[in-house]
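**Q** Here you go, this is structure_15.csv (CSV, C-alpha atoms and all ligand atoms).
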```
chain,number,residue,atom,x,y,z
A,131,MET,CA,-28.7,35.1,11.1
A,132,HIS,CA,-26.8,31.9,10.5
A,133,LEU,CA,-27.1,30.0,7.3
A,134,VAL,CA,-25.9,26.4,7.0
A,135,GLN,CA,-24.6,25.4,3.6
A,136,ASP,CA,-23.6,22.0,2.4
A,137,VAL,CA,-20.7,21.9,-0.1
A,138,GLU,CA,-20.3,18.7,-2.1
A,139,LEU,CA,-16.7,17.8,-2.8
A,140,GLY,CA,-16.1,14.0,-3.4
A,141,THR,CA,-12.4,14.5,-3.5
A,142,ASP,CA,-10.3,11.3,-3.0
A,143,ILE,CA,-7.2,12.2,-1.1
A,144,LEU,CA,-5.4,9.1,-2.2
A,145,ALA,CA,-6.4,9.6,-5.9
A,146,ALA,CA,-3.5,11.9,-6.7
A,147,ASN,CA,-1.0,9.1,-5.8
A,148,ARG,CA,-2.9,6.5,-7.8
A,149,LYS,CA,-2.9,8.8,-10.8
A,150,LEU,CA,0.9,9.3,-10.5
A,151,ALA,CA,1.3,5.5,-10.1
A,152,GLU,CA,-0.6,5.0,-13.4
A,153,ASP,CA,1.7,7.5,-15.1
A,154,ASN,CA,4.8,5.7,-13.7
A,155,HIS,CA,3.5,2.4,-15.0
A,156,LYS,CA,2.9,3.8,-18.5
A,157,HIS,CA,6.3,5.5,-18.5
A,158,LEU,CA,8.0,2.1,-17.6
A,159,ARG,CA,5.9,0.3,-20.1
A,160,SER,CA,6.9,2.7,-22.9
A,161,HIS,CA,10.5,1.7,-22.3
A,162,GLY,CA,9.7,-2.0,-22.0
A,163,VAL,CA,10.8,-2.1,-18.4
A,164,LYS,CA,9.1,-4.7,-16.1
A,165,CYS,CA,8.8,-3.4,-12.6
A,166,PHE,CA,8.3,-5.2,-9.3
A,167,ASP,CA,8.0,-3.6,-5.9
A,168,ILE,CA,8.9,-5.5,-2.7
A,169,GLN,CA,7.3,-4.8,0.7
A,170,GLY,CA,7.8,-6.4,4.0
A,171,ALA,CA,9.0,-5.9,7.6
A,172,ILE,CA,12.5,-4.7,8.4
A,173,GLY,CA,14.8,-7.6,8.2
A,174,SER,CA,12.5,-10.0,6.4
A,175,GLY,CA,15.1,-10.3,3.6
A,176,LYS,CA,13.9,-7.9,0.9
A,177,THR,CA,17.4,-6.7,0.0
A,178,LEU,CA,19.0,-10.1,0.1
A,179,ILE,CA,16.2,-11.5,-2.2
A,180,ILE,CA,16.6,-8.7,-4.7
A,181,GLU,CA,20.4,-9.2,-4.7
A,182,GLY,CA,19.9,-12.9,-5.4
A,183,LEU,CA,17.5,-12.2,-8.2
A,184,ILE,CA,19.8,-9.7,-9.8
A,185,ASP,CA,22.7,-12.1,-9.8
A,186,ILE,CA,20.7,-14.8,-11.6
A,187,LEU,CA,19.2,-12.3,-14.1
A,188,LYS,CA,22.7,-10.8,-14.8
A,189,GLU,CA,24.0,-14.3,-15.7
A,190,LYS,CA,21.2,-14.4,-18.3
A,191,GLY,CA,22.0,-11.0,-19.7
A,192,VAL,CA,18.9,-9.3,-18.3
A,193,LYS,CA,19.7,-5.7,-17.3
A,194,CYS,CA,18.4,-4.8,-13.9
A,195,GLY,CA,18.1,-1.6,-11.9
A,196,VAL,CA,17.0,-0.9,-8.3
A,197,ILE,CA,15.2,1.9,-6.5
A,198,ALA,CA,16.3,1.4,-2.8
A,199,GLY,CA,13.7,3.0,-0.4
A,200,ASP,CA,14.7,3.5,3.2
A,201,VAL,CA,13.8,5.9,5.9
A,202,ALA,CA,17.4,7.0,6.2
A,203,GLY,CA,20.9,5.9,5.2
A,204,ASP,CA,22.4,4.2,2.2
A,205,ASP,CA,23.2,0.7,3.4
A,206,ASP,CA,20.9,-1.1,0.9
A,207,TYR,CA,22.0,1.3,-1.8
A,208,ARG,CA,25.6,0.1,-1.2
A,209,ARG,CA,24.7,-3.5,-1.2
A,210,PHE,CA,22.9,-3.2,-4.6
A,211,SER,CA,25.7,-1.1,-6.1
A,212,GLY,CA,28.1,-3.9,-5.3
A,213,HIS,CA,26.4,-5.9,-8.1
A,214,GLY,CA,27.4,-3.4,-10.7
A,215,ILE,CA,23.9,-2.2,-11.6
A,216,PRO,CA,22.3,1.3,-11.6
A,217,VAL,CA,20.8,2.0,-8.2
A,218,ILE,CA,18.9,5.1,-7.0
A,219,ASN,CA,18.7,5.7,-3.2
A,220,VAL,CA,15.5,7.3,-1.9
A,221,ASN,CA,15.2,8.4,1.7
A,222,THR,CA,11.7,9.0,2.9
A,223,GLY,CA,12.7,10.8,6.0
A,224,LYS,CA,9.7,11.0,8.3
A,225,GLU,CA,7.4,9.1,5.9
A,226,CYS,CA,6.8,5.5,6.5
A,227,HIS,CA,6.5,4.4,2.8
A,228,LEU,CA,7.5,5.3,-0.7
A,229,ASP,CA,4.9,7.0,-2.8
A,230,ALA,CA,4.4,7.4,-6.5
A,231,HIS,CA,5.8,10.9,-6.5
A,232,LEU,CA,9.2,9.8,-5.0
A,233,VAL,CA,9.3,6.9,-7.5
A,234,ASP,CA,8.6,9.3,-10.4
A,235,HIS,CA,11.7,11.4,-9.4
A,236,ALA,CA,13.8,8.3,-9.0
A,237,LEU,CA,12.8,7.2,-12.5
A,238,GLU,CA,14.0,10.6,-13.9
A,239,LYS,CA,17.5,9.7,-12.7
A,240,LEU,CA,17.5,6.2,-14.3
A,241,ASP,CA,18.4,5.5,-17.9
A,242,LEU,CA,15.2,3.4,-18.6
A,243,ALA,CA,16.2,2.6,-22.2
A,244,GLY,CA,19.1,0.6,-20.8
A,245,LEU,CA,17.0,-1.5,-18.4
A,246,ASP,CA,14.9,-4.7,-18.7
A,247,VAL,CA,13.8,-5.1,-15.1
A,248,LEU,CA,13.4,-2.6,-12.2
A,249,PHE,CA,13.1,-3.6,-8.6
A,250,ILE,CA,11.7,-1.2,-6.0
A,251,GLU,CA,12.5,-2.0,-2.4
A,252,ASN,CA,9.9,-0.3,-0.2
A,253,VAL,CA,10.6,1.0,3.3
A,254,GLY,CA,10.6,-1.8,5.9
A,255,ASN,CA,7.0,-1.4,7.0
A,256,LEU,CA,4.3,-4.0,6.6
A,257,VAL,CA,1.3,-1.7,6.7
A,258,CYS,CA,1.7,1.7,5.2
A,259,PRO,CA,2.9,0.9,1.6
A,260,ALA,CA,-0.5,-0.7,0.9
A,261,ASP,CA,-2.3,2.6,0.5
A,262,PHE,CA,0.3,3.8,-2.0
A,263,PRO,CA,0.7,2.0,-5.3
A,264,LEU,CA,3.9,2.9,-7.1
A,265,GLY,CA,3.2,1.9,-10.6
A,266,SER,CA,4.9,-1.6,-10.7
A,267,ASP,CA,3.6,-4.6,-12.6
A,268,MET,CA,3.5,-6.7,-9.5
A,269,ARG,CA,3.7,-6.2,-5.7
A,270,ILE,CA,5.6,-8.8,-3.8
A,271,THR,CA,5.1,-9.2,0.0
A,272,VAL,CA,7.9,-10.8,1.9
A,273,VAL,CA,7.4,-12.5,5.3
A,274,SER,CA,10.1,-14.5,6.9
A,275,VAL,CA,9.6,-17.6,9.1
A,276,THR,CA,11.4,-15.8,11.9
A,277,GLU,CA,8.4,-13.4,12.2
A,278,GLY,CA,6.2,-16.3,13.4
A,279,ASP,CA,3.5,-18.5,11.8
A,280,ASP,CA,0.7,-16.0,12.4
A,281,MET,CA,2.3,-13.3,10.2
A,282,VAL,CA,0.0,-14.0,7.2
A,283,ARG,CA,-3.4,-14.2,9.0
A,284,LYS,CA,-2.6,-11.1,11.0
A,285,HIS,CA,-2.4,-9.1,7.8
A,286,PRO,CA,-5.2,-10.3,5.6
A,287,ILE,CA,-5.8,-7.2,3.6
A,288,LEU,CA,-2.1,-6.8,2.8
A,289,MET,CA,-1.7,-10.4,1.9
A,290,GLY,CA,-5.0,-10.5,0.0
A,291,THR,CA,-4.0,-7.6,-2.2
A,292,SER,CA,-0.4,-8.7,-3.0
A,293,ASP,CA,0.4,-10.4,-6.3
A,294,ILE,CA,2.9,-12.8,-4.8
A,295,ILE,CA,3.7,-13.8,-1.2
A,296,VAL,CA,7.3,-14.9,-0.5
A,297,VAL,CA,8.0,-16.9,2.7
A,298,ASN,CA,11.7,-16.3,3.3
A,299,LYS,CA,14.4,-17.7,5.6
A,300,ILE,CA,12.9,-21.2,5.0
A,301,SER,CA,16.1,-22.9,6.2
A,302,LEU,CA,15.5,-21.4,9.7
A,303,ALA,CA,11.9,-22.7,10.0
A,304,GLU,CA,12.7,-25.8,12.0
A,305,ALA,CA,14.9,-23.8,14.4
A,306,MET,CA,12.2,-21.3,14.9
A,307,GLY,CA,9.5,-24.0,15.4
A,308,VAL,CA,7.5,-22.5,12.6
A,309,ASP,CA,5.7,-24.6,10.0
A,310,PRO,CA,5.8,-22.8,6.7
A,311,ALA,CA,2.8,-24.8,5.5
A,312,VAL,CA,0.7,-22.8,8.0
A,313,LEU,CA,1.7,-19.6,6.4
A,314,GLU,CA,0.8,-21.0,3.0
A,315,ARG,CA,-2.5,-22.4,4.2
A,316,ASP,CA,-3.5,-19.0,5.7
A,317,ALA,CA,-2.6,-17.3,2.5
A,318,GLY,CA,-4.8,-19.7,0.6
A,319,GLU,CA,-7.7,-19.0,2.9
A,320,ILE,CA,-7.4,-15.3,2.3
A,321,ASN,CA,-6.7,-15.3,-1.4
A,322,PRO,CA,-6.4,-18.7,-3.2
A,323,HIS,CA,-5.2,-16.9,-6.3
A,324,VAL,CA,-2.0,-15.4,-4.8
A,325,PRO,CA,1.0,-17.7,-5.4
A,326,VAL,CA,3.1,-18.4,-2.3
A,327,VAL,CA,6.8,-19.0,-2.9
A,328,PHE,CA,9.2,-20.4,-0.3
A,329,THR,CA,12.7,-19.0,-0.5
A,330,ASP,CA,15.9,-18.8,1.4
A,331,ALA,CA,17.8,-15.8,0.2
A,332,ARG,CA,21.0,-16.9,2.0
A,333,THR,CA,21.3,-20.2,0.2
A,334,GLY,CA,19.4,-19.1,-2.9
A,335,GLU,CA,16.8,-21.8,-2.5
A,336,GLY,CA,13.5,-21.0,-4.3
A,337,LEU,CA,14.7,-17.9,-6.1
A,338,ASP,CA,14.4,-19.6,-9.5
A,339,VAL,CA,10.7,-20.4,-8.6
A,340,LEU,CA,10.2,-16.8,-7.7
A,341,LEU,CA,11.7,-15.6,-11.0
A,342,GLN,CA,9.3,-18.0,-12.8
A,343,LYS,CA,6.3,-16.5,-11.0
A,344,LEU,CA,7.5,-13.0,-11.9
A,345,GLY,CA,7.5,-14.1,-15.5
A,346,LEU,CA,11.2,-13.5,-15.8
A,347,ILE,CA,12.3,-17.0,-16.8
B,1193,MET,CA,1.8,6.0,10.1
B,1194,HIS,CA,0.8,8.4,7.3
B,1195,GLU,CA,-2.6,9.5,8.8
B,1196,PHE,CA,-1.0,12.9,9.7
B,1197,SER,CA,0.0,13.6,6.1
B,1198,VAL,CA,-3.4,12.5,4.8
B,1199,ILE,CA,-5.3,14.7,7.3
B,1200,SER,CA,-3.0,17.6,6.5
B,1201,SER,CA,-4.1,17.3,2.8
B,1202,ILE,CA,-7.7,17.2,3.9
B,1203,VAL,CA,-7.3,20.4,6.1
B,1204,GLU,CA,-5.6,22.1,3.1
B,1205,LEU,CA,-8.5,21.2,0.9
B,1206,VAL,CA,-11.0,22.5,3.5
B,1207,LYS,CA,-9.1,25.7,3.8
B,1208,GLY,CA,-9.2,26.2,0.1
B,1209,GLU,CA,-12.9,25.8,0.2
B,1210,MET,CA,-13.2,28.2,3.1
B,1211,GLY,CA,-11.4,30.9,1.1
B,1212,LYS,CA,-14.3,30.9,-1.3
B,1213,HIS,CA,-16.8,32.1,1.3
B,1214,ASP,CA,-16.4,35.7,2.6
B,1215,ASN,CA,-19.3,35.2,5.0
B,1216,LEU,CA,-18.0,32.1,6.7
B,1217,ASN,CA,-18.5,31.8,10.4
B,1218,PHE,CA,-17.0,28.4,10.8
B,1219,VAL,CA,-16.8,24.9,9.4
B,1220,LYS,CA,-19.4,22.8,11.2
B,1221,GLU,CA,-18.7,19.4,9.7
B,1222,ILE,CA,-16.3,17.6,7.4
B,1223,VAL,CA,-17.6,14.3,6.1
B,1224,LEU,CA,-14.9,11.8,5.3
B,1225,GLU,CA,-15.5,8.4,3.8
B,1226,VAL,CA,-12.7,5.9,4.6
B,1227,GLY,CA,-12.7,2.5,2.8
B,1228,GLU,CA,-12.4,-0.6,5.0
B,1229,LEU,CA,-9.5,-1.9,2.9
B,1230,SER,CA,-7.4,1.2,3.5
B,1231,PHE,CA,-4.9,1.2,6.3
B,1232,LEU,CA,-6.0,4.6,7.7
B,1233,SER,CA,-6.8,4.3,11.4
B,1234,HIS,CA,-9.9,6.4,12.3
B,1235,ASP,CA,-8.5,7.2,15.7
B,1236,ALA,CA,-5.2,8.4,14.3
B,1237,LEU,CA,-7.1,10.5,11.7
B,1238,ARG,CA,-9.2,12.1,14.5
B,1239,PHE,CA,-6.2,12.7,16.7
B,1240,GLY,CA,-4.2,14.4,13.8
B,1241,PHE,CA,-7.2,16.4,12.9
B,1242,ARG,CA,-7.6,17.8,16.5
B,1243,ALA,CA,-3.9,18.7,16.6
B,1244,LEU,CA,-4.1,20.4,13.3
B,1245,VAL,CA,-7.2,22.5,13.9
B,1246,GLU,CA,-6.2,23.6,17.4
B,1247,ASN,CA,-5.0,26.9,15.9
B,1248,GLU,CA,-7.8,27.2,13.3
B,1249,PRO,CA,-10.6,29.0,15.0
B,1250,ASP,CA,-12.8,28.7,11.9
B,1251,ILE,CA,-12.8,24.9,12.0
B,1252,LYS,CA,-14.7,23.3,14.8
B,1253,ASP,CA,-12.4,20.7,16.5
B,1254,ASP,CA,-15.2,18.1,16.5
B,1255,ALA,CA,-16.0,18.8,12.8
B,1256,LEU,CA,-14.6,15.5,11.5
B,1257,THR,CA,-17.1,12.8,10.8
B,1258,ILE,CA,-15.7,9.5,9.5
B,1259,ILE,CA,-18.0,7.1,7.6
B,1260,PRO,CA,-16.6,3.7,6.9
B,1261,ILE,CA,-17.1,2.5,3.4
B,1262,GLN,CA,-17.7,-1.2,2.8
B,1263,ALA,CA,-15.5,-3.0,0.3
B,1264,LYS,CA,-17.1,-3.9,-3.1
B,1265,VAL,CA,-15.6,-6.4,-5.4
B,1266,LYS,CA,-16.1,-7.7,-8.9
B,1267,CYS,CA,-15.4,-11.3,-10.0
B,1268,ARG,CA,-13.2,-11.8,-13.1
B,1269,ARG,CA,-14.8,-15.2,-13.8
B,1270,CYS,CA,-18.6,-14.8,-13.2
B,1271,ASP,CA,-20.8,-11.7,-13.1
B,1272,TYR,CA,-20.7,-11.2,-9.3
B,1273,GLU,CA,-20.4,-7.7,-8.1
B,1274,GLY,CA,-21.0,-6.8,-4.4
B,1275,ALA,CA,-19.7,-7.3,-0.9
B,1276,MET,CA,-16.6,-9.4,-0.1
B,1277,LYS,CA,-16.8,-12.8,1.5
B,1278,ALA,CA,-15.9,-12.2,5.1
B,1279,GLY,CA,-15.5,-15.8,6.0
B,1280,GLU,CA,-15.1,-17.0,9.5
B,1281,THR,CA,-12.3,-19.5,9.0
B,1282,GLU,CA,-12.9,-22.8,10.7
B,1283,GLU,CA,-9.6,-22.6,12.3
B,1284,TYR,CA,-9.6,-19.2,14.1
B,1285,HIS,CA,-13.2,-18.1,14.5
B,1286,ILE,CA,-12.5,-14.5,13.5
B,1287,ALA,CA,-13.8,-12.7,10.5
B,1288,ILE,CA,-11.0,-12.6,8.0
B,1289,PRO,CA,-11.8,-10.8,4.7
B,1290,GLN,CA,-11.4,-13.2,1.8
B,1291,PHE,CA,-10.2,-12.0,-1.6
B,1292,SER,CA,-12.1,-14.5,-3.8
B,1293,CYS,CA,-15.5,-14.5,-5.3
B,1294,PRO,CA,-18.3,-15.4,-2.8
B,1295,GLU,CA,-20.2,-17.1,-5.7
B,1296,CYS,CA,-17.6,-19.0,-7.6
B,1297,ASN,CA,-14.4,-18.6,-5.7
B,1298,GLY,CA,-12.8,-16.9,-8.7
B,1299,PRO,CA,-10.3,-14.1,-8.6
B,1300,ILE,CA,-11.7,-10.6,-7.8
B,1301,ASP,CA,-10.9,-7.0,-8.4
B,1302,VAL,CA,-11.6,-4.5,-5.7
B,1303,LEU,CA,-13.9,-1.7,-6.9
B,1304,HIS,CA,-14.4,0.1,-3.6
B,1305,GLY,CA,-12.9,0.0,-0.2
B,1306,LYS,CA,-9.4,1.6,-0.6
B,1307,GLU,CA,-10.6,5.2,-0.9
B,1308,CYS,CA,-10.4,8.2,1.4
B,1309,VAL,CA,-12.9,10.7,0.1
B,1310,VAL,CA,-13.9,14.1,1.5
B,1311,ARG,CA,-17.5,13.7,0.6
B,1312,ASN,CA,-18.9,17.1,1.7
B,1313,LEU,CA,-18.5,20.1,4.1
B,1314,VAL,CA,-21.1,21.8,6.2
B,1315,LEU,CA,-20.4,25.5,6.5
B,1316,ASP,CA,-22.0,27.9,8.9
B,1317,LEU,CA,-22.3,31.2,7.0
B,1318,GLU,CA,-23.5,34.6,8.0
B,1319,ASP,CA,-26.7,35.5,6.2
B,1320,GLU,CA,-26.1,38.9,4.7
C,1401,LIG,N1,19.4,-17.4,7.1
C,1401,LIG,C1,18.8,-16.5,6.4
C,1401,LIG,N2,19.1,-15.2,6.6
C,1401,LIG,C2,18.5,-14.3,5.8
C,1401,LIG,C3,17.7,-14.6,4.7
C,1401,LIG,N3,17.2,-13.5,4.1
C,1401,LIG,C4,17.8,-12.5,4.7
C,1401,LIG,N4,18.6,-12.9,5.7
C,1401,LIG,C5,19.4,-12.1,6.7
C,1401,LIG,O1,18.5,-11.3,7.4
C,1401,LIG,C6,19.0,-10.0,7.6
C,1401,LIG,C7,18.1,-9.0,7.0
C,1401,LIG,O2,18.1,-9.1,5.6
C,1401,LIG,P1,17.8,-7.9,4.6
C,1401,LIG,O3,17.9,-8.4,3.2
C,1401,LIG,O4,18.7,-6.8,5.0
C,1401,LIG,O5,16.3,-7.6,5.0
C,1401,LIG,P2,15.4,-6.3,4.7
C,1401,LIG,O6,15.5,-5.4,5.8
C,1401,LIG,O7,14.0,-6.8,4.5
C,1401,LIG,O8,16.0,-5.7,3.4
C,1401,LIG,C8,20.4,-10.0,7.0
C,1401,LIG,O9,21.4,-10.3,8.0
C,1401,LIG,C9,20.3,-11.1,6.0
C,1401,LIG,O10,21.6,-11.7,5.7
C,1401,LIG,C10,17.4,-16.0,4.5
C,1401,LIG,O11,16.6,-16.4,3.7
C,1401,LIG,N5,18.0,-16.9,5.4
C,1402,MG,MG,16.6,-3.7,3.0
C,1403,ZN,ZN,2.1,5.2,7.0
C,1404,ZN,ZN,-17.4,-15.3,-9.4
```
As structure tokens, what does this structure read like?

**A**
Amino acid sequence: MHLVQDVELGTDILAANRKLAEDNHKHLRSHGVKCFDIQGAIGSGKTLIIEGLIDILKEKGVKCGVIAGDVAGDDDYRRFSGHGIPVINVNTGKECHLDAHLVDHALEKLDLAGLDVLFIENVGNLVCPADFPLGSDMRITVVSVTEGDDMVRKHPILMGTSDIIVVNKISLAEAMGVDPAVLERDAGEINPHVPVVFTDARTGEGLDVLLQKLGLI
Amino acid sequence: MHEFSVISSIVELVKGEMGKHDNLNFVKEIVLEVGELSFLSHDALRFGFRALVENEPDIKDDALTIIPIQAKVKCRRCDYEGAMKAGETEEYHIAIPQFSCPECNGPIDVLHGKECVVRNLVLDLEDE
């Protein structure tokens, strides 16, 4: 005789990460560290933007640290280290995103008492990080004009759930035949409450506005 | 894509549950709820599942049922709680989810739609 039994579970597979992210957030809070994580495609300018922000903040006496997430290698780690700040390199190997557990381990290696601001650069991947909050105060999504003017509307959920959208490489817009206003308008249609900031990390244009939106100046 | 690691966690969970039943014949169904705001591809989940249970005779390879869960949001400004505004934008004529209140256009919080929940298992047991 066969007997069919129904077993209720209700287990959320993503909940463990969310819980760890909340713990990370509390941990950072307890040391008074403001944390921002940056996601975006490979080459969108995440590293160069963070480098620019660090330099401005350093001038003002704000102590910054970075967690550099990448699939492999230490290229970004070295770029950040060149600014004389604490940096932790996290290689995700086969995984396509950082998760709260990896960030937790990176936090153990940082002297949080000596930090005011922590930046987390996520793996260059525009989709996967969205399912894995890390425990930051704000999530910044970077798109660059070189990715085309449909970049925002092609990724509505990602853009709609970001806290800030940065449109980078703005000085290349004309050469690319991309109108940055289109990206801003699409963002406004998806979520009118998400600020859009235009930057050019190479010239430093707009980084002051970004710092203002992050509540750092 | 992280579907494979997600489905691996699910299979581990199911195996843990299987261990509690001495008289198990096989796992007939695994009901998984996937929120429409998560970035888990249903096809990739099914593909990973089949690959993983190939060597698990006690889990049927068509056991995975995926139920999409609609997003539910709450307005921070008015009392609205419910479905998202899936506005067809004038410009593109495609349904683009909109992250503002359908009633007052205010800022919203997402209550449901990002989850990936193993709701229940259906086990075929030997009646002793
Ligand atoms: N012209 C220009 N180049 C940029 C800008 N931002 C980044 N880049 C260049 O684009 C390339 C990728 O930048 P990087 O910061 O490494 O991108 P990531 O992969 O997102 O971290 C590098 O060669 C940068 O120098 C920008 O705003 N303007
Ligand atoms: Mg980088
Ligand atoms: Zn992934
Ligand atoms: Zn409202």

**Q** Can you pull out every residue within 10 Å of B:Asp1319, counting all atoms listed in the file, but drop anything in the same chain fewer than 5 positions away, and send it as a list of chain:residue names?

**A**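 Once the nearby chain positions are removed, what remains is A:Met131, A:His132, A:Leu133, A:Val134, B:Asn1215, B:Leu1216, B:Asn1217.
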
**Q** Could you give me, as a ChimeraX atom specification, every polymer residue with an atom at most 12 Å away from an atom of ligand ZN 1403 (chain C), counting all atoms listed in the file?

**A** /A:201,222,224-229,252-262 /B:1193-1198,1230-1233,1236-1237

**Q** Once you count all atoms listed in the file, which residues of chain B turn out to be within 7 Å of chain A? Could you give them as an mmCIF file with C-alpha atoms, in the frame of the given file?

**A**
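The result, written out as part-v9.cif:
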```
data_model
loop_
_atom_site.group_PDB
_atom_site.id
_atom_site.type_symbol
_atom_site.label_atom_id
_atom_site.label_comp_id
_atom_site.auth_asym_id
_atom_site.auth_seq_id
_atom_site.Cartn_x
_atom_site.Cartn_y
_atom_site.Cartn_z
ATOM 1 C CA MET B 1193 1.800 6.000 10.100
ATOM 2 C CA HIS B 1194 0.800 8.400 7.300
ATOM 3 C CA LEU B 1229 -9.500 -1.900 2.900
ATOM 4 C CA SER B 1230 -7.400 1.200 3.500
ATOM 5 C CA PHE B 1231 -4.900 1.200 6.300
ATOM 6 C CA ILE B 1288 -11.000 -12.600 8.000
ATOM 7 C CA PRO B 1289 -11.800 -10.800 4.700
ATOM 8 C CA GLN B 1290 -11.400 -13.200 1.800
ATOM 9 C CA PHE B 1291 -10.200 -12.000 -1.600
ATOM 10 C CA SER B 1292 -12.100 -14.500 -3.800
ATOM 11 C CA PRO B 1299 -10.300 -14.100 -8.600
ATOM 12 C CA GLU B 1307 -10.600 5.200 -0.900
ATOM 13 C CA CYS B 1308 -10.400 8.200 1.400
ATOM 14 C CA VAL B 1309 -12.900 10.700 0.100
ATOM 15 C CA VAL B 1310 -13.900 14.100 1.500
ATOM 16 C CA ARG B 1311 -17.500 13.700 0.600
ATOM 17 C CA ASN B 1312 -18.900 17.100 1.700
ATOM 18 C CA LEU B 1313 -18.500 20.100 4.100
ATOM 19 C CA VAL B 1314 -21.100 21.800 6.200
ATOM 20 C CA LEU B 1315 -20.400 25.500 6.500
ATOM 21 C CA ASP B 1316 -22.000 27.900 8.900
ATOM 22 C CA LEU B 1317 -22.300 31.200 7.000
ATOM 23 C CA GLU B 1318 -23.500 34.600 8.000
ATOM 24 C CA ASP B 1319 -26.700 35.500 6.200
#
```

**Q** What is the distance, in Å and to one decimal place, between atom CA of A:His235 and atom CA of A:Leu150?

**A**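 A separation of 11.1 Å between them.
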
**Q** Give me, please, the distance in Å between atom CA of A:Leu344 and atom CA of A:Glu181, quoted to one decimal.

**A**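 Between atom CA of A:Leu344 and atom CA of A:Glu181 the gap is 15.3 Å.
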
**Q** Within 12 Å of B:Phe1241, counting only C-alpha atoms, which residues qualify if same-chain residues fewer than 2 places away don't, as a ChimeraX atom specification?

**A** /B:1195-1204,1206,1222,1224,1234-1239,1243-1248,1251-1258

**Q** Please return as a count of residues only the residues found within 9 Å of ligand LIG 1401 (chain C), counting only C-alpha atoms and all ligand atoms.

**A** 37

**Q** If the limit is 12 Å from any atom of ligand ZN 1404 (chain C), counting only C-alpha atoms and all ligand atoms, which residues qualify? Return them as a ChimeraX atom specification.

**A** /B:1265-1277,1291-1301

**Q** Distance atom CA of A:Phe249-atom CA of A:Pro325, one decimal place?

**A**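 For atom CA of A:Phe249 relative to atom CA of A:Pro325, the distance reads 18.9 Å.
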
**Q** Of the candidates A:Asn154, A:Gln342, A:Ser266, A:Asn219, which one gets nearest to ligand MG 1402 (chain C) if we count only C-alpha atoms and all ligand atoms?

**A**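 For ligand MG 1402 (chain C), the nearest of the given residues is A:Asn219.
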
**Q** Skipping near chain neighbours, those fewer than 2 positions away, what residues fall within 12 Å of A:Glu152 using all atoms listed in the file, listed as a short mmCIF file (atom, residue, chain, number, x, y, z; two decimals) with C-alpha atoms, keeping the file's coordinate frame?

**A**
```cif
data_model
loop_
_atom_site.label_atom_id
_atom_site.label_comp_id
_atom_site.auth_asym_id
_atom_site.auth_seq_id
_atom_site.Cartn_x
_atom_site.Cartn_y
_atom_site.Cartn_z
CA ALA A 145 -6.40 9.60 -5.90
CA ALA A 146 -3.50 11.90 -6.70
CA ASN A 147 -1.00 9.10 -5.80
CA ARG A 148 -2.90 6.50 -7.80
CA LYS A 149 -2.90 8.80 -10.80
CA LEU A 150 0.90 9.30 -10.50
CA ASN A 154 4.80 5.70 -13.70
CA HIS A 155 3.50 2.40 -15.00
CA LYS A 156 2.90 3.80 -18.50
CA HIS A 157 6.30 5.50 -18.50
CA LEU A 158 8.00 2.10 -17.60
CA ARG A 159 5.90 0.30 -20.10
CA ALA A 230 4.40 7.40 -6.50
CA HIS A 231 5.80 10.90 -6.50
CA VAL A 233 9.30 6.90 -7.50
CA ASP A 234 8.60 9.30 -10.40
CA PHE A 262 0.30 3.80 -2.00
CA PRO A 263 0.70 2.00 -5.30
CA LEU A 264 3.90 2.90 -7.10
CA GLY A 265 3.20 1.90 -10.60
CA SER A 266 4.90 -1.60 -10.70
CA ASP A 267 3.60 -4.60 -12.60
#
```

**Q** Between A:Ile186, A:Val196, A:Leu313, A:Leu237, which has the minimum distance to ligand MG 1402 (chain C) (counting all atoms listed in the file)?

**A**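 Comparing A:Ile186, A:Val196, A:Leu313, A:Leu237 against ligand MG 1402 (chain C), the winner is A:Val196.
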
**Q** Restricting the calculation to all atoms listed in the file, which member of A:Ala236, A:Leu346, A:Leu337, A:Ala202 is positioned closest to ligand MG 1402 (chain C)?

**A**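 Result for the nearest residue to ligand MG 1402 (chain C): A:Ala202.
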
**Q** Within 12 Å of (24.5, 4.1, 0.6), in the coordinates the file gives, what residues turn up when you count only C-alpha atoms, written out as a PDB file with C-alpha atoms, in the frame of the given file?

**A**
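Produced file part_7.pdb, reproduced below:
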```
ATOM      1  CA  ILE A 197      15.200   1.900  -6.500  1.00  0.00           C
ATOM      2  CA  ALA A 198      16.300   1.400  -2.800  1.00  0.00           C
ATOM      3  CA  GLY A 199      13.700   3.000  -0.400  1.00  0.00           C
ATOM      4  CA  ASP A 200      14.700   3.500   3.200  1.00  0.00           C
ATOM      5  CA  ALA A 202      17.400   7.000   6.200  1.00  0.00           C
ATOM      6  CA  GLY A 203      20.900   5.900   5.200  1.00  0.00           C
ATOM      7  CA  ASP A 204      22.400   4.200   2.200  1.00  0.00           C
ATOM      8  CA  ASP A 205      23.200   0.700   3.400  1.00  0.00           C
ATOM      9  CA  ASP A 206      20.900  -1.100   0.900  1.00  0.00           C
ATOM     10  CA  TYR A 207      22.000   1.300  -1.800  1.00  0.00           C
ATOM     11  CA  ARG A 208      25.600   0.100  -1.200  1.00  0.00           C
ATOM     12  CA  ARG A 209      24.700  -3.500  -1.200  1.00  0.00           C
ATOM     13  CA  PHE A 210      22.900  -3.200  -4.600  1.00  0.00           C
ATOM     14  CA  SER A 211      25.700  -1.100  -6.100  1.00  0.00           C
ATOM     15  CA  GLY A 212      28.100  -3.900  -5.300  1.00  0.00           C
ATOM     16  CA  VAL A 217      20.800   2.000  -8.200  1.00  0.00           C
ATOM     17  CA  ILE A 218      18.900   5.100  -7.000  1.00  0.00           C
ATOM     18  CA  ASN A 219      18.700   5.700  -3.200  1.00  0.00           C
ATOM     19  CA  VAL A 220      15.500   7.300  -1.900  1.00  0.00           C
ATOM     20  CA  ASN A 221      15.200   8.400   1.700  1.00  0.00           C
TER      21      ASN A 221
END
```
